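Have a look at start_19.pdb below; it lists PDB, C-alpha atoms.
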```pdb
MODEL        1
ATOM      1  CA  MET A 212      -6.571 170.861  86.357
ATOM      2  CA  ALA A 213      -5.075 170.722  82.859
ATOM      3  CA  PRO A 214      -7.395 169.257  80.230
ATOM      4  CA  VAL A 215      -6.958 165.743  78.933
ATOM      5  CA  ILE A 216      -6.212 165.821  75.204
ATOM      6  CA  ILE A 217      -6.951 162.650  73.248
ATOM      7  CA  LEU A 218      -5.389 162.499  69.790
ATOM      8  CA  ILE A 219      -6.847 159.950  67.377
ATOM      9  CA  ARG A 220      -5.682 159.050  63.898
ATOM     10  CA  HIS A 221      -8.525 158.166  61.532
ATOM     11  CA  GLY A 222      -9.371 154.570  60.686
ATOM     12  CA  GLU A 223      -8.050 152.794  57.634
ATOM     13  CA  ALA A 224      -9.086 154.664  54.488
ATOM     14  CA  VAL A 225      -9.220 153.502  50.880
ATOM     15  CA  HIS A 226      -5.962 155.209  49.900
ATOM     16  CA  ASN A 227      -4.129 153.445  52.750
ATOM     17  CA  LEU A 228      -4.638 150.076  51.055
ATOM     18  CA  ASP A 229      -2.109 150.701  48.284
ATOM     19  CA  ASP A 230      -0.740 154.188  49.001
ATOM     20  CA  ASN A 231      -2.854 155.655  46.210
ATOM     21  CA  TRP A 232      -2.423 159.355  46.930
ATOM     22  CA  GLN A 233      -4.366 160.307  43.776
ATOM     23  CA  LEU A 234      -7.763 159.303  45.162
ATOM     24  CA  PRO A 235      -9.796 162.434  45.951
ATOM     25  CA  ASP A 236     -10.745 162.758  49.628
ATOM     26  CA  PRO A 237     -11.158 158.998  50.232
ATOM     27  CA  GLY A 238     -13.419 157.516  52.859
ATOM     28  CA  LEU A 239     -12.938 154.621  55.245
ATOM     29  CA  THR A 240     -12.677 150.981  54.236
ATOM     30  CA  GLU A 241     -14.800 148.283  55.860
ATOM     31  CA  LYS A 242     -11.830 147.586  58.116
ATOM     32  CA  GLY A 243     -11.762 151.282  58.978
ATOM     33  CA  PHE A 244     -15.401 151.197  60.078
ATOM     34  CA  GLU A 245     -14.664 148.089  62.129
ATOM     35  CA  GLN A 246     -11.758 149.911  63.778
ATOM     36  CA  CYS A 247     -14.174 152.694  64.695
ATOM     37  CA  ARG A 248     -16.526 150.240  66.356
ATOM     38  CA  ASN A 249     -13.634 148.690  68.256
ATOM     39  CA  LEU A 250     -12.445 152.066  69.512
ATOM     40  CA  ALA A 251     -15.946 152.962  70.661
ATOM     41  CA  ALA A 252     -16.150 149.678  72.574
ATOM     42  CA  GLU A 253     -12.811 150.431  74.229
ATOM     43  CA  LEU A 254     -13.361 154.091  75.084
ATOM     44  CA  GLU A 255     -16.961 154.251  76.240
ATOM     45  CA  PRO A 256     -16.673 151.996  79.330
ATOM     46  CA  LYS A 257     -13.599 153.784  80.695
ATOM     47  CA  PHE A 258     -14.652 157.344  79.882
ATOM     48  CA  THR A 259     -15.612 159.364  82.960
ATOM     49  CA  PHE A 260     -16.055 162.882  81.570
ATOM     50  CA  ALA A 261     -19.539 164.321  81.166
ATOM     51  CA  PRO A 262     -20.453 165.242  77.571
ATOM     52  CA  GLU A 263     -20.641 168.938  78.451
ATOM     53  CA  GLU A 264     -17.056 168.776  79.755
ATOM     54  CA  CYS A 265     -15.781 167.637  76.361
ATOM     55  CA  LEU A 266     -15.049 169.048  72.928
ATOM     56  CA  VAL A 267     -14.602 166.908  69.809
ATOM     57  CA  VAL A 268     -12.328 168.545  67.221
ATOM     58  CA  ILE A 269     -12.336 167.107  63.714
ATOM     59  CA  SER A 270     -10.340 167.529  60.529
ATOM     60  CA  PRO A 271     -12.708 168.359  57.632
ATOM     61  CA  LEU A 272     -11.574 165.472  55.435
ATOM     62  CA  LYS A 273     -14.036 162.644  54.767
ATOM     63  CA  ARG A 274     -12.110 159.921  56.593
ATOM     64  CA  THR A 275     -11.829 161.940  59.812
ATOM     65  CA  LEU A 276     -15.475 163.008  59.736
ATOM     66  CA  GLN A 277     -16.470 159.361  59.303
ATOM     67  CA  THR A 278     -14.116 158.280  62.084
ATOM     68  CA  ALA A 279     -15.514 160.828  64.530
ATOM     69  CA  HIS A 280     -19.089 159.889  63.700
ATOM     70  CA  HIS A 281     -18.620 156.141  63.981
ATOM     71  CA  SER A 282     -16.157 155.938  66.892
ATOM     72  CA  LEU A 283     -17.557 158.712  69.094
ATOM     73  CA  GLN A 284     -21.303 158.501  68.464
ATOM     74  CA  TRP A 285     -21.805 157.254  72.033
ATOM     75  CA  LEU A 286     -20.486 160.630  73.212
ATOM     76  CA  LEU A 287     -21.896 162.846  70.461
ATOM     77  CA  SER A 288     -25.404 161.464  70.957
ATOM     78  CA  LYS A 289     -25.284 162.709  74.555
ATOM     79  CA  GLY A 290     -24.642 166.267  73.432
ATOM     80  CA  ALA A 291     -20.846 166.592  73.362
ATOM     81  CA  PRO A 292     -20.085 169.609  71.157
ATOM     82  CA  THR A 293     -18.031 169.364  67.978
ATOM     83  CA  VAL A 294     -15.943 171.766  65.958
ATOM     84  CA  VAL A 295     -14.467 171.132  62.506
ATOM     85  CA  ARG A 296     -11.198 173.016  62.019
ATOM     86  CA  ALA A 297      -8.878 173.283  59.037
ATOM     87  CA  GLU A 298      -5.563 173.220  60.906
ATOM     88  CA  TRP A 299      -6.112 169.545  61.710
ATOM     89  CA  GLN A 300      -6.278 168.463  58.046
ATOM     90  CA  GLU A 301      -3.516 166.366  56.498
ATOM     91  CA  THR A 302      -0.330 168.002  55.276
ATOM     92  CA  THR A 303       0.184 167.264  51.582
ATOM     93  CA  ASP A 304      -1.516 168.689  48.507
ATOM     94  CA  ASN A 305      -2.093 165.265  46.975
ATOM     95  CA  PRO A 306      -5.729 164.658  45.951
ATOM     96  CA  CYS A 307      -6.234 162.300  48.906
ATOM     97  CA  ASP A 308      -5.456 165.171  51.289
ATOM     98  CA  ILE A 309      -7.557 167.880  49.645
ATOM     99  CA  GLY A 310     -11.092 168.134  50.956
ATOM    100  CA  ARG A 311     -14.329 169.049  49.275
ATOM    101  CA  GLU A 312     -16.162 172.358  49.332
ATOM    102  CA  LEU A 313     -17.798 173.416  52.591
ATOM    103  CA  SER A 314     -21.294 173.476  51.069
ATOM    104  CA  THR A 315     -20.961 169.789  50.206
ATOM    105  CA  ILE A 316     -19.620 168.515  53.507
ATOM    106  CA  LYS A 317     -22.095 170.589  55.537
ATOM    107  CA  ARG A 318     -24.963 168.860  53.744
ATOM    108  CA  GLU A 319     -23.442 165.447  54.433
ATOM    109  CA  TRP A 320     -22.666 166.129  58.101
ATOM    110  CA  PRO A 321     -25.455 168.321  59.541
ATOM    111  CA  GLY A 322     -24.634 167.220  63.079
ATOM    112  CA  PHE A 323     -21.146 168.735  63.046
ATOM    113  CA  ASP A 324     -20.324 172.391  63.692
ATOM    114  CA  PHE A 325     -18.524 173.972  60.723
ATOM    115  CA  SER A 326     -18.853 177.582  61.912
ATOM    116  CA  ASP A 327     -15.148 177.747  62.864
ATOM    117  CA  LEU A 328     -13.850 176.276  59.598
ATOM    118  CA  ASP A 329     -11.396 178.661  57.914
ATOM    119  CA  PRO A 330     -13.145 179.978  54.765
ATOM    120  CA  VAL A 331      -9.957 179.385  52.757
ATOM    121  CA  TYR A 332     -10.613 175.617  53.059
ATOM    122  CA  PRO A 333     -10.116 173.423  50.999
ATOM    123  CA  GLN A 334      -7.385 175.490  49.329
ATOM    124  CA  LYS A 335      -3.840 174.482  50.266
ATOM    125  CA  THR A 336      -2.538 178.009  50.682
ATOM    126  CA  GLY A 337      -1.215 180.139  53.531
ATOM    127  CA  LEU A 338      -1.190 178.174  56.779
ATOM    128  CA  TYR A 339      -2.180 175.040  54.842
ATOM    129  CA  ALA A 340       0.530 175.134  52.167
ATOM    130  CA  ASN A 341       2.583 172.019  51.469
ATOM    131  CA  SER A 342       5.934 172.944  53.022
ATOM    132  CA  GLU A 343       7.770 171.792  56.121
ATOM    133  CA  LYS A 344       8.013 175.365  57.415
ATOM    134  CA  THR A 345       4.252 175.779  57.133
ATOM    135  CA  PHE A 346       3.596 172.410  58.772
ATOM    136  CA  GLN A 347       5.557 173.566  61.813
ATOM    137  CA  GLU A 348       3.717 176.888  61.879
ATOM    138  CA  ARG A 349       0.396 175.073  61.703
ATOM    139  CA  ALA A 350       1.409 172.721  64.512
ATOM    140  CA  THR A 351       2.281 175.704  66.702
ATOM    141  CA  PHE A 352      -1.033 177.347  65.835
ATOM    142  CA  ALA A 353      -2.933 174.162  66.704
ATOM    143  CA  LYS A 354      -1.222 173.870  70.105
ATOM    144  CA  GLN A 355      -1.931 177.515  70.875
ATOM    145  CA  TRP A 356      -5.593 177.009  70.027
ATOM    146  CA  LEU A 357      -5.792 173.878  72.205
ATOM    147  CA  SER A 358      -4.170 175.691  75.122
ATOM    148  CA  LYS A 359      -7.021 178.225  75.188
ATOM    149  CA  ARG A 360      -9.833 175.685  75.474
ATOM    150  CA  THR A 361     -11.706 175.519  78.756
ATOM    151  CA  GLN A 362     -13.093 171.987  78.463
ATOM    152  CA  LYS A 363     -11.795 169.194  80.682
ATOM    153  CA  CYS A 364     -11.389 166.759  77.790
ATOM    154  CA  ILE A 365     -10.570 167.566  74.177
ATOM    155  CA  ILE A 366     -10.729 164.790  71.593
ATOM    156  CA  VAL A 367      -9.074 165.456  68.232
ATOM    157  CA  VAL A 368      -9.559 163.276  65.147
ATOM    158  CA  THR A 369      -6.772 163.978  62.677
ATOM    159  CA  HIS A 370      -4.024 162.505  60.458
ATOM    160  CA  SER A 371      -0.644 160.808  60.777
ATOM    161  CA  GLY A 372       1.346 163.370  58.780
ATOM    162  CA  PHE A 373       0.119 166.275  60.859
ATOM    163  CA  LEU A 374       0.506 164.350  64.111
ATOM    164  CA  LYS A 375       4.130 163.707  63.156
ATOM    165  CA  ARG A 376       4.748 167.474  63.058
ATOM    166  CA  LEU A 377       2.639 168.205  66.114
ATOM    167  CA  LEU A 378       4.459 165.607  68.223
ATOM    168  CA  HIS A 379       7.932 165.781  66.658
ATOM    169  CA  GLY A 380       8.040 162.441  64.902
ATOM    170  CA  THR A 381       5.574 160.237  66.794
ATOM    171  CA  LYS A 382       4.040 157.709  64.380
ATOM    172  CA  PHE A 383       0.362 156.788  64.729
ATOM    173  CA  GLN A 384      -1.196 153.732  63.138
ATOM    174  CA  ASN A 385      -4.728 153.829  61.751
ATOM    175  CA  MET A 386      -7.208 154.299  64.596
ATOM    176  CA  GLU A 387      -4.477 154.563  67.229
ATOM    177  CA  TYR A 388      -5.076 157.031  70.036
ATOM    178  CA  LYS A 389      -2.933 158.481  72.795
ATOM    179  CA  THR A 390      -3.596 160.864  75.677
ATOM    180  CA  TYR A 391      -1.676 164.065  76.368
ATOM    181  CA  GLU A 392      -1.474 167.130  78.549
ATOM    182  CA  MET A 393      -0.286 170.573  77.528
ATOM    183  CA  VAL A 394       2.934 171.815  79.099
ATOM    184  CA  ASN A 395       4.723 175.134  78.628
ATOM    185  CA  ASP A 396       7.313 177.481  80.037
ATOM    186  CA  ASP A 397       4.834 180.369  80.365
ATOM    187  CA  SER A 398       5.246 181.104  76.678
ATOM    188  CA  GLN A 399       2.718 180.469  73.919
ATOM    189  CA  ASP A 400       5.692 179.836  71.631
ATOM    190  CA  ASN A 401       6.932 176.832  73.617
ATOM    191  CA  LEU A 402       3.818 174.759  74.156
ATOM    192  CA  GLU A 403       4.305 171.018  73.972
ATOM    193  CA  LEU A 404       2.075 167.989  74.300
ATOM    194  CA  ARG A 405       3.330 165.456  76.835
ATOM    195  CA  GLU A 406       1.987 161.903  76.632
ATOM    196  CA  THR A 407       0.171 160.641  79.725
ATOM    197  CA  ASP A 408      -1.044 157.279  80.963
ATOM    198  CA  LYS A 409      -4.306 156.419  79.203
ATOM    199  CA  GLN A 410      -5.951 154.773  82.195
ATOM    200  CA  GLU A 411      -5.209 157.649  84.536
ATOM    201  CA  SER A 412      -6.164 160.277  81.964
ATOM    202  CA  LEU A 413      -9.549 158.700  81.270
ATOM    203  CA  GLY A 414     -10.330 158.320  84.951
ATOM    204  CA  GLN A 415      -9.861 154.573  85.449
ATOM    205  CA  LEU A 416      -7.222 154.503  88.192
TER     206      LEU A 416
ENDMDL
END
```

Turn this file's structure into structure tokens for me.
Amino acid sequence: MAPVIILIRHGEAVHNLDDNWQLPDPGLTEKGFEQCRNLAAELEPKFTFAPEECLVVISPLKRTLQTAHHSLQWLLSKGAPTVVRAEWQETTDNPCDIGRELSTIKREWPGFDFSDLDPVYPQKTGLYANSEKTFQERATFAKQWLSKRTQKCIIVVTHSGFLKRLLHGTKFQNMEYKTYEMVNDDSQDNLELRETDKQESLGQL
């Protein structure tokens, strides 16, 4: 059975209020935290996967770390593993999309697994450079990585700009989530995410 992939955009963050891209690595607003609580209340009752069958993948920016912690604590507290990965960060090199040093965020989030975080982070170079060509390369890399996971359910907390490249233009609102399955033509170069019915994907037929 192909894994269920749940893609979540972070809750409302401070820079979303007035499109202030110069704020360094902003956190969630009060509305953003409320959105997290609402998502938890929606997901937990309909979620049928065991914690050990899941993997929670998180962008290393503050707003996604906060979103994962506050919207998925009901799952994390039961032992669902996490991994923080750089390819899921936002696309631009504006201050709002540049994270802090690993030593700092590890101290703030001891419950998350940073062992897989690319050591180049938070530099916006190489695979993380601010160019459309690189965004597409990073999206391909992310899909290839997802396709190799063995868990039954993979939850990813990420950003609208990167989701747009990953899904070829699909627009996510703050705290919106959708469910997907991976499809391919037997080639790692042609992997695509196909949207599925939320109720069926989460086990509530």

Item to check | Residues matched by the PyMOL selection byres ((chain A and resi 309-316) around 9), written as number ranges by chain | outcome: A: 235-236, 271-273, 300-301, 303-308, 317-321, 325, 328, 330, 332-335

Dump C-alpha atoms for the selected residues as a PDB file, keeping the file's coordinate frame?
```
ATOM      1  CA  PRO A 235      -9.796 162.434  45.951  1.00  0.00           C
ATOM      2  CA  ASP A 236     -10.745 162.758  49.628  1.00  0.00           C
ATOM      3  CA  PRO A 271     -12.708 168.359  57.632  1.00  0.00           C
ATOM      4  CA  LEU A 272     -11.574 165.472  55.435  1.00  0.00           C
ATOM      5  CA  LYS A 273     -14.036 162.644  54.767  1.00  0.00           C
ATOM      6  CA  GLN A 300      -6.278 168.463  58.046  1.00  0.00           C
ATOM      7  CA  GLU A 301      -3.516 166.366  56.498  1.00  0.00           C
ATOM      8  CA  THR A 303       0.184 167.264  51.582  1.00  0.00           C
ATOM      9  CA  ASP A 304      -1.516 168.689  48.507  1.00  0.00           C
ATOM     10  CA  ASN A 305      -2.093 165.265  46.975  1.00  0.00           C
ATOM     11  CA  PRO A 306      -5.729 164.658  45.951  1.00  0.00           C
ATOM     12  CA  CYS A 307      -6.234 162.300  48.906  1.00  0.00           C
ATOM     13  CA  ASP A 308      -5.456 165.171  51.289  1.00  0.00           C
ATOM     14  CA  LYS A 317     -22.095 170.589  55.537  1.00  0.00           C
ATOM     15  CA  ARG A 318     -24.963 168.860  53.744  1.00  0.00           C
ATOM     16  CA  GLU A 319     -23.442 165.447  54.433  1.00  0.00           C
ATOM     17  CA  TRP A 320     -22.666 166.129  58.101  1.00  0.00           C
ATOM     18  CA  PRO A 321     -25.455 168.321  59.541  1.00  0.00           C
ATOM     19  CA  PHE A 325     -18.524 173.972  60.723  1.00  0.00           C
ATOM     20  CA  LEU A 328     -13.850 176.276  59.598  1.00  0.00           C
ATOM     21  CA  PRO A 330     -13.145 179.978  54.765  1.00  0.00           C
ATOM     22  CA  TYR A 332     -10.613 175.617  53.059  1.00  0.00           C
ATOM     23  CA  PRO A 333     -10.116 173.423  50.999  1.00  0.00           C
ATOM     24  CA  GLN A 334      -7.385 175.490  49.329  1.00  0.00           C
ATOM     25  CA  LYS A 335      -3.840 174.482  50.266  1.00  0.00           C
TER      26      LYS A 335
END
```

Checklist outcome for this item: Pairwise distance, CA of Glu245 in chain A with CA of Ile217 in chain A, equals 19.9 Å

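Computed from the coordinates, the CA of Thr369 in chain A to CA of Gln277 in chain A distance equals 11.3 Å.
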
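Distances from A:Ala252, A:Asp230, A:Thr302, A:Asn395 to Ser371 in chain A were compared using only C-alpha atoms, and the smallest one belongs to A:Thr302.
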
Item to check | Non-local contacts of Pro292 in chain A (10 Å; all atoms listed in the file; under 2 positions in same chain excluded) as a PyMOL selection string | outcome: chain A and resi 262-268+286-290+294+322-324

Item to check | Neighbour list for Tyr388 in chain A as a ChimeraX atom specification, cut-off 9 Å, only C-alpha atoms, skip fewer than 3 positions in-chain | outcome: /A:217-220,250,383-385

Next on the checklist: Once the PyMOL selection byres ((chain A and resi 281) around 12) is applied to the coordinates I shared, what remains selected? I want it as number ranges by chain.
Outcome noted: A: 221-222, 239, 241, 243-252, 274-280, 282-288, 368, 386

Item to check | Chain and number of each residue from the PyMOL selection byres ((chain A and resi 338-355) around 10), as an NGL selection string | outcome: :A and (296-305 or 331-337 or 356-360 or 372-379 or 393 or 398-404)

Checklist entry - In Å, how far is it from CA of Val215 in chain A to CA of Lys382 in chain A? => result 19.9 Å

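With all atoms listed in the file as the atoms that count, the minimum distance from Glu253 in chain A to the choices A:Gln362, A:Ala224, A:Glu387, A:Asp408 is reached by A:Glu387.
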
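When the distance limit is 6 Å and all atoms listed in the file are what count, the residues near Thr390 in chain A, minus those fewer than 6 positions from it on the same chain, are Ile216, Ile217, Glu406, Thr407 and Lys409 of chain A.
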
Complete the atom set of range 358-369 of chain A to all heavy atoms and return it as a PDB file, in the frame of the given file.
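Okay, this is what ended up in out08.pdb:
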```pdb
ATOM      1  N   SER A 358      -4.508 175.190  73.788  1.00  0.00           N
ATOM      2  CA  SER A 358      -4.170 175.691  75.122  1.00  0.00           C
ATOM      3  C   SER A 358      -5.200 176.676  75.657  1.00  0.00           C
ATOM      4  O   SER A 358      -5.258 176.922  76.867  1.00  0.00           O
ATOM      5  CB  SER A 358      -2.790 176.347  75.105  1.00  0.00           C
ATOM      6  OG  SER A 358      -2.827 177.605  74.449  1.00  0.00           O
ATOM      7  N   LYS A 359      -6.020 177.223  74.781  1.00  0.00           N
ATOM      8  CA  LYS A 359      -7.021 178.225  75.188  1.00  0.00           C
ATOM      9  C   LYS A 359      -8.394 177.619  75.435  1.00  0.00           C
ATOM     10  O   LYS A 359      -9.326 178.340  75.794  1.00  0.00           O
ATOM     11  CB  LYS A 359      -7.112 179.315  74.121  1.00  0.00           C
ATOM     12  CG  LYS A 359      -5.815 180.089  73.952  1.00  0.00           C
ATOM     13  CD  LYS A 359      -5.884 181.039  72.775  1.00  0.00           C
ATOM     14  CE  LYS A 359      -4.547 181.741  72.562  1.00  0.00           C
ATOM     15  NZ  LYS A 359      -4.556 182.604  71.345  1.00  0.00           N
ATOM     16  N   ARG A 360      -8.532 176.320  75.244  1.00  0.00           N
ATOM     17  CA  ARG A 360      -9.833 175.685  75.474  1.00  0.00           C
ATOM     18  C   ARG A 360     -10.076 175.539  76.972  1.00  0.00           C
ATOM     19  O   ARG A 360      -9.159 175.336  77.748  1.00  0.00           O
ATOM     20  CB  ARG A 360      -9.899 174.298  74.826  1.00  0.00           C
ATOM     21  CG  ARG A 360      -9.709 174.218  73.316  1.00  0.00           C
ATOM     22  CD  ARG A 360     -10.578 175.188  72.555  1.00  0.00           C
ATOM     23  NE  ARG A 360      -9.761 176.337  72.168  1.00  0.00           N
ATOM     24  CZ  ARG A 360     -10.240 177.529  71.869  1.00  0.00           C
ATOM     25  NH1 ARG A 360     -11.525 177.772  71.982  1.00  0.00           N
ATOM     26  NH2 ARG A 360      -9.438 178.501  71.502  1.00  0.00           N
ATOM     27  N   THR A 361     -11.341 175.605  77.341  1.00  0.00           N
ATOM     28  CA  THR A 361     -11.706 175.519  78.756  1.00  0.00           C
ATOM     29  C   THR A 361     -12.298 174.160  79.139  1.00  0.00           C
ATOM     30  O   THR A 361     -12.537 173.908  80.321  1.00  0.00           O
ATOM     31  CB  THR A 361     -12.732 176.611  79.096  1.00  0.00           C
ATOM     32  OG1 THR A 361     -13.894 176.441  78.271  1.00  0.00           O
ATOM     33  CG2 THR A 361     -12.138 177.998  78.844  1.00  0.00           C
ATOM     34  N   GLN A 362     -12.505 173.291  78.164  1.00  0.00           N
ATOM     35  CA  GLN A 362     -13.093 171.987  78.463  1.00  0.00           C
ATOM     36  C   GLN A 362     -12.109 171.101  79.232  1.00  0.00           C
ATOM     37  O   GLN A 362     -10.900 171.283  79.158  1.00  0.00           O
ATOM     38  CB  GLN A 362     -13.519 171.282  77.168  1.00  0.00           C
ATOM     39  CG  GLN A 362     -14.694 171.923  76.460  1.00  0.00           C
ATOM     40  CD  GLN A 362     -14.293 173.078  75.564  1.00  0.00           C
ATOM     41  OE1 GLN A 362     -13.106 173.407  75.430  1.00  0.00           O
ATOM     42  NE2 GLN A 362     -15.272 173.706  74.942  1.00  0.00           N
ATOM     43  N   LYS A 363     -12.638 170.123  79.938  1.00  0.00           N
ATOM     44  CA  LYS A 363     -11.795 169.194  80.682  1.00  0.00           C
ATOM     45  C   LYS A 363     -11.195 168.100  79.797  1.00  0.00           C
ATOM     46  O   LYS A 363     -10.167 167.518  80.137  1.00  0.00           O
ATOM     47  CB  LYS A 363     -12.601 168.546  81.822  1.00  0.00           C
ATOM     48  CG  LYS A 363     -13.012 169.524  82.917  1.00  0.00           C
ATOM     49  CD  LYS A 363     -13.739 168.801  84.032  1.00  0.00           C
ATOM     50  CE  LYS A 363     -14.127 169.762  85.157  1.00  0.00           C
ATOM     51  NZ  LYS A 363     -14.855 169.064  86.250  1.00  0.00           N
ATOM     52  N   CYS A 364     -11.862 167.809  78.690  1.00  0.00           N
ATOM     53  CA  CYS A 364     -11.389 166.759  77.790  1.00  0.00           C
ATOM     54  C   CYS A 364     -11.589 167.210  76.353  1.00  0.00           C
ATOM     55  O   CYS A 364     -12.704 167.580  75.965  1.00  0.00           O
ATOM     56  CB  CYS A 364     -12.135 165.449  78.046  1.00  0.00           C
ATOM     57  SG  CYS A 364     -11.610 164.098  76.967  1.00  0.00           S
ATOM     58  N   ILE A 365     -10.515 167.182  75.583  1.00  0.00           N
ATOM     59  CA  ILE A 365     -10.570 167.566  74.177  1.00  0.00           C
ATOM     60  C   ILE A 365     -10.142 166.359  73.347  1.00  0.00           C
ATOM     61  O   ILE A 365      -9.043 165.829  73.543  1.00  0.00           O
ATOM     62  CB  ILE A 365      -9.653 168.767  73.879  1.00  0.00           C
ATOM     63  CG1 ILE A 365     -10.016 169.951  74.778  1.00  0.00           C
ATOM     64  CG2 ILE A 365      -9.743 169.166  72.402  1.00  0.00           C
ATOM     65  CD1 ILE A 365      -8.987 171.062  74.770  1.00  0.00           C
ATOM     66  N   ILE A 366     -11.011 165.926  72.469  1.00  0.00           N
ATOM     67  CA  ILE A 366     -10.729 164.790  71.593  1.00  0.00           C
ATOM     68  C   ILE A 366     -10.524 165.326  70.188  1.00  0.00           C
ATOM     69  O   ILE A 366     -11.375 166.045  69.668  1.00  0.00           O
ATOM     70  CB  ILE A 366     -11.882 163.772  71.609  1.00  0.00           C
ATOM     71  CG1 ILE A 366     -12.189 163.315  73.037  1.00  0.00           C
ATOM     72  CG2 ILE A 366     -11.558 162.579  70.710  1.00  0.00           C
ATOM     73  CD1 ILE A 366     -13.415 162.437  73.149  1.00  0.00           C
ATOM     74  N   VAL A 367      -9.394 164.973  69.577  1.00  0.00           N
ATOM     75  CA  VAL A 367      -9.074 165.456  68.232  1.00  0.00           C
ATOM     76  C   VAL A 367      -8.941 164.261  67.297  1.00  0.00           C
ATOM     77  O   VAL A 367      -8.191 163.326  67.586  1.00  0.00           O
ATOM     78  CB  VAL A 367      -7.759 166.267  68.220  1.00  0.00           C
ATOM     79  CG1 VAL A 367      -7.494 166.813  66.818  1.00  0.00           C
ATOM     80  CG2 VAL A 367      -7.817 167.413  69.238  1.00  0.00           C
ATOM     81  N   VAL A 368      -9.659 164.309  66.176  1.00  0.00           N
ATOM     82  CA  VAL A 368      -9.559 163.276  65.147  1.00  0.00           C
ATOM     83  C   VAL A 368      -8.824 163.875  63.949  1.00  0.00           C
ATOM     84  O   VAL A 368      -9.319 164.808  63.314  1.00  0.00           O
ATOM     85  CB  VAL A 368     -10.944 162.753  64.731  1.00  0.00           C
ATOM     86  CG1 VAL A 368     -10.794 161.593  63.745  1.00  0.00           C
ATOM     87  CG2 VAL A 368     -11.747 162.319  65.954  1.00  0.00           C
ATOM     88  N   THR A 369      -7.648 163.335  63.645  1.00  0.00           N
ATOM     89  CA  THR A 369      -6.772 163.978  62.677  1.00  0.00           C
ATOM     90  C   THR A 369      -5.980 162.933  61.886  1.00  0.00           C
ATOM     91  O   THR A 369      -6.448 161.811  61.702  1.00  0.00           O
ATOM     92  CB  THR A 369      -5.876 165.024  63.388  1.00  0.00           C
ATOM     93  OG1 THR A 369      -5.066 165.711  62.436  1.00  0.00           O
ATOM     94  CG2 THR A 369      -5.023 164.398  64.462  1.00  0.00           C
TER      95      THR A 369
END
```
